[in-house]
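Asker: Coordinates in final.pdb, PDB, C-alpha atoms, pLDDT in the B column, are listed below.
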```pdb
ATOM      1  CA  MET P 175      86.795 127.833 162.476  1.00 43.00           C
ATOM      2  CA  SER P 176      89.955 125.957 161.716  1.00 45.00           C
ATOM      3  CA  ARG P 177      90.180 122.835 159.620  1.00 47.00           C
ATOM      4  CA  LYS P 178      90.299 119.653 161.608  1.00 45.00           C
ATOM      5  CA  GLU P 179      93.564 117.800 161.678  1.00 48.00           C
ATOM      6  CA  LYS P 180      93.787 114.546 159.762  1.00 46.00           C
ATOM      7  CA  GLY P 181      92.945 111.599 161.937  1.00 44.00           C
ATOM      8  CA  ALA P 182      91.676 113.731 164.816  1.00 50.00           C
ATOM      9  CA  LYS P 183      88.013 113.349 165.631  1.00 56.00           C
ATOM     10  CA  THR P 184      86.704 116.840 166.396  1.00 63.00           C
ATOM     11  CA  ASP P 185      83.801 117.476 168.735  1.00 78.00           C
ATOM     12  CA  ILE P 186      81.469 119.692 166.679  1.00 74.00           C
ATOM     13  CA  TYR P 187      79.703 120.943 169.805  1.00 76.00           C
ATOM     14  CA  ALA P 188      83.007 122.201 171.215  1.00 82.00           C
ATOM     15  CA  ARG P 189      83.995 123.815 167.881  1.00 78.00           C
ATOM     16  CA  ILE P 190      80.710 125.729 167.616  1.00 76.00           C
ATOM     17  CA  THR P 191      80.856 126.785 171.266  1.00 81.00           C
ATOM     18  CA  GLN P 192      84.442 128.027 170.809  1.00 83.00           C
ATOM     19  CA  LYS P 193      83.375 130.044 167.735  1.00 78.00           C
ATOM     20  CA  ILE P 194      80.499 131.719 169.585  1.00 79.00           C
ATOM     21  CA  VAL P 195      82.698 132.449 172.632  1.00 85.00           C
ATOM     22  CA  ALA P 196      85.406 133.934 170.366  1.00 83.00           C
ATOM     23  CA  ASP P 197      82.806 136.203 168.718  1.00 78.00           C
ATOM     24  CA  LEU P 198      81.539 137.305 172.139  1.00 82.00           C
ATOM     25  CA  GLU P 199      85.087 138.066 173.301  1.00 86.00           C
ATOM     26  CA  ASN P 200      85.522 140.237 170.185  1.00 81.00           C
ATOM     27  CA  GLY P 201      82.362 142.179 171.026  1.00 77.00           C
ATOM     28  CA  VAL P 202      80.142 140.495 168.417  1.00 70.00           C
ATOM     29  CA  ARG P 203      76.852 139.021 169.525  1.00 69.00           C
ATOM     30  CA  PRO P 204      76.068 136.480 166.760  1.00 62.00           C
ATOM     31  CA  TRP P 205      72.345 136.406 167.530  1.00 63.00           C
ATOM     32  CA  VAL P 206      71.924 140.134 166.888  1.00 62.00           C
ATOM     33  CA  LYS P 207      70.947 141.408 163.431  1.00 58.00           C
ATOM     34  CA  PRO P 208      74.208 141.103 161.438  1.00 52.00           C
ATOM     35  CA  TRP P 209      73.364 143.480 158.617  1.00 51.00           C
ATOM     36  CA  SER P 210      72.838 147.137 157.915  1.00 51.00           C
ATOM     37  CA  ALA P 211      69.348 147.509 156.495  1.00 48.00           C
ATOM     38  CA  GLY P 212      69.989 151.094 155.412  1.00 45.00           C
ATOM     39  CA  HIS P 213      71.815 150.113 152.238  1.00 41.00           C
ATOM     40  CA  ALA P 214      70.496 146.595 151.611  1.00 45.00           C
ATOM     41  CA  ASP P 215      69.075 146.035 148.167  1.00 47.00           C
ATOM     42  CA  GLY P 216      65.973 143.878 148.267  1.00 47.00           C
ATOM     43  CA  ARG P 217      64.697 141.591 150.960  1.00 50.00           C
ATOM     44  CA  ILE P 218      66.892 140.823 153.971  1.00 55.00           C
ATOM     45  CA  THR P 219      67.048 137.115 154.601  1.00 69.00           C
ATOM     46  CA  ARG P 220      68.652 134.329 156.548  1.00 81.00           C
ATOM     47  CA  PRO P 221      71.552 132.479 154.947  1.00 88.00           C
ATOM     48  CA  LEU P 222      70.191 130.404 152.079  1.00 87.00           C
ATOM     49  CA  ARG P 223      71.089 127.085 150.520  1.00 89.00           C
ATOM     50  CA  HIS P 224      71.823 127.204 146.793  1.00 87.00           C
ATOM     51  CA  THR P 225      68.204 126.154 146.209  1.00 87.00           C
ATOM     52  CA  GLY P 226      66.910 129.252 148.010  1.00 84.00           C
ATOM     53  CA  GLU P 227      65.799 127.318 151.099  1.00 90.00           C
ATOM     54  CA  PRO P 228      66.811 129.106 154.322  1.00 91.00           C
ATOM     55  CA  TYR P 229      69.159 127.493 156.811  1.00 92.00           C
ATOM     56  CA  THR P 230      67.757 126.884 160.293  1.00 90.00           C
ATOM     57  CA  GLY P 231      68.985 126.543 163.856  1.00 89.00           C
ATOM     58  CA  ILE P 232      72.631 127.020 164.759  1.00 88.00           C
ATOM     59  CA  ASN P 233      73.571 127.159 161.058  1.00 92.00           C
ATOM     60  CA  VAL P 234      71.992 130.617 160.818  1.00 90.00           C
ATOM     61  CA  LEU P 235      74.289 131.935 163.550  1.00 86.00           C
ATOM     62  CA  LEU P 236      77.339 130.160 162.128  1.00 88.00           C
ATOM     63  CA  LEU P 237      76.847 131.538 158.617  1.00 90.00           C
ATOM     64  CA  TRP P 238      75.917 135.058 159.751  1.00 86.00           C
ATOM     65  CA  SER P 239      79.065 135.095 161.879  1.00 83.00           C
ATOM     66  CA  GLU P 240      81.166 133.856 158.948  1.00 87.00           C
ATOM     67  CA  SER P 241      79.640 136.464 156.622  1.00 85.00           C
ATOM     68  CA  LEU P 242      80.410 139.256 159.072  1.00 80.00           C
ATOM     69  CA  ALA P 243      83.967 138.111 159.696  1.00 82.00           C
ATOM     70  CA  ARG P 244      84.787 137.721 156.005  1.00 86.00           C
ATOM     71  CA  GLY P 245      82.674 140.499 154.468  1.00 83.00           C
ATOM     72  CA  PHE P 246      80.400 138.368 152.298  1.00 84.00           C
ATOM     73  CA  THR P 247      77.380 140.104 150.763  1.00 80.00           C
ATOM     74  CA  ALA P 248      75.722 137.121 149.059  1.00 84.00           C
ATOM     75  CA  PRO P 249      73.242 135.202 151.246  1.00 86.00           C
ATOM     76  CA  LEU P 250      73.638 131.966 149.246  1.00 90.00           C
ATOM     77  CA  TRP P 251      75.899 129.096 150.289  1.00 94.00           C
ATOM     78  CA  MET P 252      76.716 125.796 148.566  1.00 95.00           C
ATOM     79  CA  THR P 253      79.073 122.858 148.786  1.00 95.00           C
ATOM     80  CA  TYR P 254      82.028 122.392 146.459  1.00 95.00           C
ATOM     81  CA  ARG P 255      80.177 119.597 144.655  1.00 95.00           C
ATOM     82  CA  GLN P 256      77.017 121.691 144.200  1.00 94.00           C
ATOM     83  CA  ALA P 257      79.089 124.478 142.623  1.00 93.00           C
ATOM     84  CA  ALA P 258      80.793 122.002 140.286  1.00 94.00           C
ATOM     85  CA  GLN P 259      77.440 120.521 139.230  1.00 94.00           C
ATOM     86  CA  ILE P 260      76.322 123.882 137.827  1.00 92.00           C
ATOM     87  CA  GLY P 261      79.646 124.536 136.111  1.00 92.00           C
ATOM     88  CA  ALA P 262      81.133 126.884 138.718  1.00 93.00           C
ATOM     89  CA  GLN P 263      84.443 126.663 140.568  1.00 94.00           C
ATOM     90  CA  VAL P 264      85.404 127.590 144.128  1.00 95.00           C
ATOM     91  CA  ARG P 265      88.444 129.873 143.933  1.00 94.00           C
ATOM     92  CA  LYS P 266      91.761 128.265 144.794  1.00 94.00           C
ATOM     93  CA  GLY P 267      92.751 128.871 148.413  1.00 94.00           C
ATOM     94  CA  GLU P 268      89.235 129.673 149.648  1.00 94.00           C
ATOM     95  CA  THR P 269      88.133 128.069 152.902  1.00 93.00           C
ATOM     96  CA  GLY P 270      84.569 127.129 153.631  1.00 94.00           C
ATOM     97  CA  ALA P 271      82.307 127.410 156.643  1.00 94.00           C
ATOM     98  CA  THR P 272      81.153 124.443 158.696  1.00 92.00           C
ATOM     99  CA  VAL P 273      77.435 123.749 158.966  1.00 93.00           C
ATOM    100  CA  VAL P 274      75.695 120.874 160.686  1.00 92.00           C
ATOM    101  CA  TYR P 275      72.906 118.476 159.803  1.00 90.00           C
ATOM    102  CA  ALA P 276      71.139 116.796 162.696  1.00 87.00           C
ATOM    103  CA  SER P 277      68.631 114.015 162.277  1.00 89.00           C
ATOM    104  CA  ARG P 278      67.864 110.501 163.427  1.00 89.00           C
ATOM    105  CA  PHE P 279      67.328 107.131 161.842  1.00 88.00           C
ATOM    106  CA  THR P 280      65.408 104.104 163.006  1.00 90.00           C
ATOM    107  CA  LYS P 281      67.193 100.810 163.504  1.00 88.00           C
ATOM    108  CA  THR P 282      65.351  97.542 163.996  1.00 86.00           C
ATOM    109  CA  GLU P 283      66.969  95.141 166.456  1.00 84.00           C
ATOM    110  CA  THR P 284      66.010  91.764 167.812  1.00 83.00           C
ATOM    111  CA  ASP P 285      65.984  91.442 171.601  1.00 82.00           C
ATOM    112  CA  ALA P 286      66.776  88.334 173.701  1.00 82.00           C
ATOM    113  CA  GLN P 287      63.171  87.091 173.401  1.00 85.00           C
ATOM    114  CA  GLY P 288      63.277  87.273 169.591  1.00 81.00           C
ATOM    115  CA  GLU P 289      61.027  90.324 169.368  1.00 85.00           C
ATOM    116  CA  GLU P 290      61.886  93.130 166.980  1.00 87.00           C
ATOM    117  CA  LEU P 291      62.401  96.539 168.558  1.00 86.00           C
ATOM    118  CA  GLU P 292      62.738  99.826 166.738  1.00 88.00           C
ATOM    119  CA  ARG P 293      65.259 102.251 168.144  1.00 87.00           C
ATOM    120  CA  ASP P 294      65.768 105.893 167.095  1.00 89.00           C
ATOM    121  CA  ILE P 295      69.437 106.804 166.776  1.00 89.00           C
ATOM    122  CA  PRO P 296      70.289 110.504 166.556  1.00 89.00           C
ATOM    123  CA  PHE P 297      73.282 111.676 164.520  1.00 87.00           C
ATOM    124  CA  LEU P 298      75.076 114.898 163.708  1.00 87.00           C
ATOM    125  CA  LYS P 299      76.935 115.386 160.445  1.00 90.00           C
ATOM    126  CA  THR P 300      79.104 118.347 159.503  1.00 91.00           C
ATOM    127  CA  TYR P 301      79.835 119.591 156.039  1.00 92.00           C
ATOM    128  CA  THR P 302      81.568 122.551 154.457  1.00 95.00           C
ATOM    129  CA  VAL P 303      79.824 125.240 152.424  1.00 96.00           C
ATOM    130  CA  PHE P 304      81.159 128.187 150.461  1.00 96.00           C
ATOM    131  CA  ASN P 305      79.557 131.578 150.014  1.00 94.00           C
ATOM    132  CA  CYS P 306      78.727 132.571 146.444  1.00 91.00           C
ATOM    133  CA  ASP P 307      81.252 135.412 146.823  1.00 90.00           C
ATOM    134  CA  GLN P 308      83.956 132.686 146.905  1.00 94.00           C
ATOM    135  CA  ILE P 309      82.834 130.979 143.706  1.00 93.00           C
ATOM    136  CA  ASP P 310      83.534 131.937 140.089  1.00 93.00           C
ATOM    137  CA  GLY P 311      81.331 131.100 137.131  1.00 92.00           C
ATOM    138  CA  LEU P 312      77.914 131.165 138.797  1.00 89.00           C
ATOM    139  CA  PRO P 313      74.887 132.578 136.962  1.00 85.00           C
ATOM    140  CA  ASP P 314      74.103 136.183 137.961  1.00 81.00           C
ATOM    141  CA  HIS P 315      71.060 135.314 140.077  1.00 78.00           C
ATOM    142  CA  TYR P 316      73.352 133.656 142.657  1.00 78.00           C
ATOM    143  CA  TYR P 317      75.031 136.945 143.542  1.00 70.00           C
ATOM    144  CA  HIS P 318      73.569 139.629 145.786  1.00 59.00           C
ATOM    145  CA  ARG P 319      75.201 143.032 145.620  1.00 58.00           C
ATOM    146  CA  PRO P 320      73.815 145.763 147.845  1.00 52.00           C
ATOM    147  CA  ALA P 321      73.666 149.239 146.400  1.00 51.00           C
ATOM    148  CA  LYS P 322      76.613 151.428 147.413  1.00 50.00           C
ATOM    149  CA  VAL P 323      75.907 154.067 150.054  1.00 46.00           C
TER
END
```
Taking this structure as input, can you express it in the form of structure tokens?

Answerer:
Amino acid sequence: MSRKEKGAKTDIYARITQKIVADLENGVRPWVKPWSAGHADGRITRPLRHTGEPYTGINVLLLWSESLARGFTAPLWMTYRQAAQIGAQVRKGETGATVVYASRFTKTETDAQGEELERDIPFLKTYTVFNCDQIDGLPDHYYHRPAKV
């Protein structure tokens, strides 16, 4: 995915759809197993946050697709700030992958009769993560290197 232009509000739904369509046009089905289990070392897993918690939903497809396209072998992903907090540094010139966080919050409003009403408001937030293969200075347990065939 390309970086969004400054000042331009990008529709995340359209960006994700365009990414999936581009993969399909290149003959890649992002929902199909994106690894070769024959030479994998250890357990095969979904993309993981730096805490070891697996990503869910569309983020799994987005990060698998990014890993395939860029040849990443580590399943762990983290933000620039998370890397900096543990003393690591994202390499200069590296670009991250977009992931989404969807949730909702409750807002209390007063109606015309003076009664308080609670309203659920959904939101979608995007943020950028980097694969551990793009980061220098991480402890060894952050890297996953499959055995060579």

Asker: Could you tell me how far CA of Gly245 in chain P sits from CA of Gly261 in chain P, in Å to one decimal place?

Answerer: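 We find that CA of Gly261 in chain P and CA of Gly245 in chain P lie 24.5 Å from each other.
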
Asker: In terms of the shortest atom-to-atom distance over all atoms listed in the file, which of P:Gly288, P:Gly270, P:Pro313, P:Pro296 is closest to Glu240 in chain P?

Answerer: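 For Glu240 in chain P, the nearest of the given residues is P:Gly270.
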
Asker: Between CA of Ala248 in chain P and CA of His224 in chain P, what is the distance in Å, rounded to a tenth?

Answerer: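 One can read the CA of Ala248 in chain P to CA of His224 in chain P distance as 10.9 Å.
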
Asker: What residues come out when you apply the PyMOL selection byres ((chain P and resi 194-198) around 12) to this file, written as a ChimeraX atom specification?

Answerer: /P:175,187-193,199-206,232-233,235-240,242-243

Asker: So how many Å separate CA of Thr269 in chain P and CA of Phe304 in chain P, to one decimal?

Answerer: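 We find that CA of Thr269 in chain P and CA of Phe304 in chain P lie 7.4 Å from each other.
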
Asker: Translate the PyMOL selection byres ((chain P and resi 277) around 6) into a concrete residue list for this structure, as a list in words.

Answerer: Ala276, Arg278, Pro296 and Phe297 of chain P

Asker: So, with only C-alpha atoms as the atoms that count, which of P:Leu291, P:Lys299, P:Gln259, P:Cys306 lies closest to Arg223 in chain P?

Answerer: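 Closest candidate: P:Cys306.
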
Asker: Here is a test: counting only C-alpha atoms, which residue of P:Gly311, P:Leu298, P:Tyr275, P:Ile186 is nearest to Gly231 in chain P?

Answerer: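 Checking each of P:Gly311, P:Leu298, P:Tyr275, P:Ile186 against Gly231 in chain P, counting only C-alpha atoms, the winner is P:Tyr275.
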
Asker: Quick one: which residues end up in the PyMOL selection byres ((chain P and resi 316) around 12) for this structure, as a list of chain:residue names?

Answerer: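 The output of the PyMOL selection byres ((chain P and resi 316) around 12) on this file is P:Leu222, P:Arg223, P:His224, P:Thr225, P:Gly226, P:Thr247, P:Ala248, P:Pro249, P:Leu250, P:Trp251, P:Met252, P:Ala257, P:Ile260, P:Ala262, P:Asn305, P:Cys306, P:Asp307, P:Gln308, P:Ile309, P:Asp310, P:Gly311, P:Leu312, P:Pro313, P:Asp314, P:His315, P:Tyr317, P:His318, P:Arg319.
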
Asker: May I have the residues from that selection written out with C-alpha atoms, as an mmCIF file, in the coordinates of the input?

Answerer:
```cif
data_model
loop_
_atom_site.group_PDB
_atom_site.id
_atom_site.type_symbol
_atom_site.label_atom_id
_atom_site.label_comp_id
_atom_site.auth_asym_id
_atom_site.auth_seq_id
_atom_site.Cartn_x
_atom_site.Cartn_y
_atom_site.Cartn_z
ATOM 1 C CA LEU P 222 70.191 130.404 152.079
ATOM 2 C CA ARG P 223 71.089 127.085 150.520
ATOM 3 C CA HIS P 224 71.823 127.204 146.793
ATOM 4 C CA THR P 225 68.204 126.154 146.209
ATOM 5 C CA GLY P 226 66.910 129.252 148.010
ATOM 6 C CA THR P 247 77.380 140.104 150.763
ATOM 7 C CA ALA P 248 75.722 137.121 149.059
ATOM 8 C CA PRO P 249 73.242 135.202 151.246
ATOM 9 C CA LEU P 250 73.638 131.966 149.246
ATOM 10 C CA TRP P 251 75.899 129.096 150.289
ATOM 11 C CA MET P 252 76.716 125.796 148.566
ATOM 12 C CA ALA P 257 79.089 124.478 142.623
ATOM 13 C CA ILE P 260 76.322 123.882 137.827
ATOM 14 C CA ALA P 262 81.133 126.884 138.718
ATOM 15 C CA ASN P 305 79.557 131.578 150.014
ATOM 16 C CA CYS P 306 78.727 132.571 146.444
ATOM 17 C CA ASP P 307 81.252 135.412 146.823
ATOM 18 C CA GLN P 308 83.956 132.686 146.905
ATOM 19 C CA ILE P 309 82.834 130.979 143.706
ATOM 20 C CA ASP P 310 83.534 131.937 140.089
ATOM 21 C CA GLY P 311 81.331 131.100 137.131
ATOM 22 C CA LEU P 312 77.914 131.165 138.797
ATOM 23 C CA PRO P 313 74.887 132.578 136.962
ATOM 24 C CA ASP P 314 74.103 136.183 137.961
ATOM 25 C CA HIS P 315 71.060 135.314 140.077
ATOM 26 C CA TYR P 317 75.031 136.945 143.542
ATOM 27 C CA HIS P 318 73.569 139.629 145.786
ATOM 28 C CA ARG P 319 75.201 143.032 145.620
#
```

Asker: Return range 218-236 of chain P, completed with N, CA, C and O atoms, as a PDB file, in the coordinates of the input.

Answerer:
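Output file rebuild31.pdb is given in full below:
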```pdb
ATOM      1  N   ILE P 218      65.862 141.337 153.068  1.00 55.00           N
ATOM      2  CA  ILE P 218      66.892 140.823 153.971  1.00 55.00           C
ATOM      3  C   ILE P 218      66.467 139.424 154.389  1.00 55.00           C
ATOM      4  O   ILE P 218      65.320 139.184 154.733  1.00 55.00           O
ATOM      5  N   THR P 219      67.404 138.498 154.372  1.00 69.00           N
ATOM      6  CA  THR P 219      67.048 137.115 154.601  1.00 69.00           C
ATOM      7  C   THR P 219      68.094 136.382 155.433  1.00 69.00           C
ATOM      8  O   THR P 219      69.205 136.881 155.610  1.00 69.00           O
ATOM      9  N   ARG P 220      67.707 135.220 155.889  1.00 81.00           N
ATOM     10  CA  ARG P 220      68.652 134.329 156.548  1.00 81.00           C
ATOM     11  C   ARG P 220      69.603 133.772 155.490  1.00 81.00           C
ATOM     12  O   ARG P 220      69.329 133.850 154.301  1.00 81.00           O
ATOM     13  N   PRO P 221      70.699 133.169 155.922  1.00 88.00           N
ATOM     14  CA  PRO P 221      71.552 132.479 154.947  1.00 88.00           C
ATOM     15  C   PRO P 221      70.730 131.421 154.208  1.00 88.00           C
ATOM     16  O   PRO P 221      69.890 130.740 154.805  1.00 88.00           O
ATOM     17  N   LEU P 222      70.976 131.300 152.918  1.00 87.00           N
ATOM     18  CA  LEU P 222      70.191 130.404 152.079  1.00 87.00           C
ATOM     19  C   LEU P 222      71.049 129.311 151.462  1.00 87.00           C
ATOM     20  O   LEU P 222      72.197 129.553 151.098  1.00 87.00           O
ATOM     21  N   ARG P 223      70.454 128.142 151.298  1.00 89.00           N
ATOM     22  CA  ARG P 223      71.089 127.085 150.520  1.00 89.00           C
ATOM     23  C   ARG P 223      71.045 127.504 149.052  1.00 89.00           C
ATOM     24  O   ARG P 223      70.285 128.397 148.686  1.00 89.00           O
ATOM     25  N   HIS P 224      71.787 126.831 148.209  1.00 87.00           N
ATOM     26  CA  HIS P 224      71.823 127.204 146.793  1.00 87.00           C
ATOM     27  C   HIS P 224      70.460 127.061 146.123  1.00 87.00           C
ATOM     28  O   HIS P 224      70.211 127.658 145.089  1.00 87.00           O
ATOM     29  N   THR P 225      69.553 126.330 146.746  1.00 87.00           N
ATOM     30  CA  THR P 225      68.204 126.154 146.209  1.00 87.00           C
ATOM     31  C   THR P 225      67.268 127.289 146.625  1.00 87.00           C
ATOM     32  O   THR P 225      66.140 127.347 146.165  1.00 87.00           O
ATOM     33  N   GLY P 226      67.738 128.165 147.511  1.00 84.00           N
ATOM     34  CA  GLY P 226      66.910 129.252 148.010  1.00 84.00           C
ATOM     35  C   GLY P 226      66.233 128.933 149.328  1.00 84.00           C
ATOM     36  O   GLY P 226      65.590 129.792 149.923  1.00 84.00           O
ATOM     37  N   GLU P 227      66.384 127.716 149.819  1.00 90.00           N
ATOM     38  CA  GLU P 227      65.799 127.318 151.099  1.00 90.00           C
ATOM     39  C   GLU P 227      66.653 127.867 152.237  1.00 90.00           C
ATOM     40  O   GLU P 227      67.873 127.738 152.217  1.00 90.00           O
ATOM     41  N   PRO P 228      66.018 128.527 153.231  1.00 91.00           N
ATOM     42  CA  PRO P 228      66.811 129.106 154.322  1.00 91.00           C
ATOM     43  C   PRO P 228      67.379 128.047 155.259  1.00 91.00           C
ATOM     44  O   PRO P 228      66.763 127.017 155.501  1.00 91.00           O
ATOM     45  N   TYR P 229      68.575 128.330 155.768  1.00 92.00           N
ATOM     46  CA  TYR P 229      69.159 127.493 156.811  1.00 92.00           C
ATOM     47  C   TYR P 229      68.384 127.715 158.100  1.00 92.00           C
ATOM     48  O   TYR P 229      67.728 128.752 158.276  1.00 92.00           O
ATOM     49  N   THR P 230      68.463 126.778 159.021  1.00 90.00           N
ATOM     50  CA  THR P 230      67.757 126.884 160.293  1.00 90.00           C
ATOM     51  C   THR P 230      68.721 126.604 161.439  1.00 90.00           C
ATOM     52  O   THR P 230      69.841 126.144 161.238  1.00 90.00           O
ATOM     53  N   GLY P 231      68.249 126.883 162.644  1.00 89.00           N
ATOM     54  CA  GLY P 231      68.985 126.543 163.856  1.00 89.00           C
ATOM     55  C   GLY P 231      70.336 127.220 163.972  1.00 89.00           C
ATOM     56  O   GLY P 231      70.526 128.371 163.576  1.00 89.00           O
ATOM     57  N   ILE P 232      71.295 126.487 164.498  1.00 88.00           N
ATOM     58  CA  ILE P 232      72.631 127.020 164.759  1.00 88.00           C
ATOM     59  C   ILE P 232      73.334 127.413 163.472  1.00 88.00           C
ATOM     60  O   ILE P 232      74.207 128.285 163.467  1.00 88.00           O
ATOM     61  N   ASN P 233      72.946 126.815 162.340  1.00 92.00           N
ATOM     62  CA  ASN P 233      73.571 127.159 161.058  1.00 92.00           C
ATOM     63  C   ASN P 233      73.369 128.628 160.698  1.00 92.00           C
ATOM     64  O   ASN P 233      74.233 129.237 160.079  1.00 92.00           O
ATOM     65  N   VAL P 234      72.240 129.201 161.085  1.00 90.00           N
ATOM     66  CA  VAL P 234      71.992 130.617 160.818  1.00 90.00           C
ATOM     67  C   VAL P 234      73.052 131.464 161.520  1.00 90.00           C
ATOM     68  O   VAL P 234      73.677 132.340 160.912  1.00 90.00           O
ATOM     69  N   LEU P 235      73.284 131.181 162.799  1.00 86.00           N
ATOM     70  CA  LEU P 235      74.289 131.935 163.550  1.00 86.00           C
ATOM     71  C   LEU P 235      75.692 131.714 162.996  1.00 86.00           C
ATOM     72  O   LEU P 235      76.481 132.652 162.871  1.00 86.00           O
ATOM     73  N   LEU P 236      76.011 130.464 162.659  1.00 88.00           N
ATOM     74  CA  LEU P 236      77.339 130.160 162.128  1.00 88.00           C
ATOM     75  C   LEU P 236      77.602 130.909 160.822  1.00 88.00           C
ATOM     76  O   LEU P 236      78.675 131.489 160.629  1.00 88.00           O
TER      77      LEU P 236
END
```
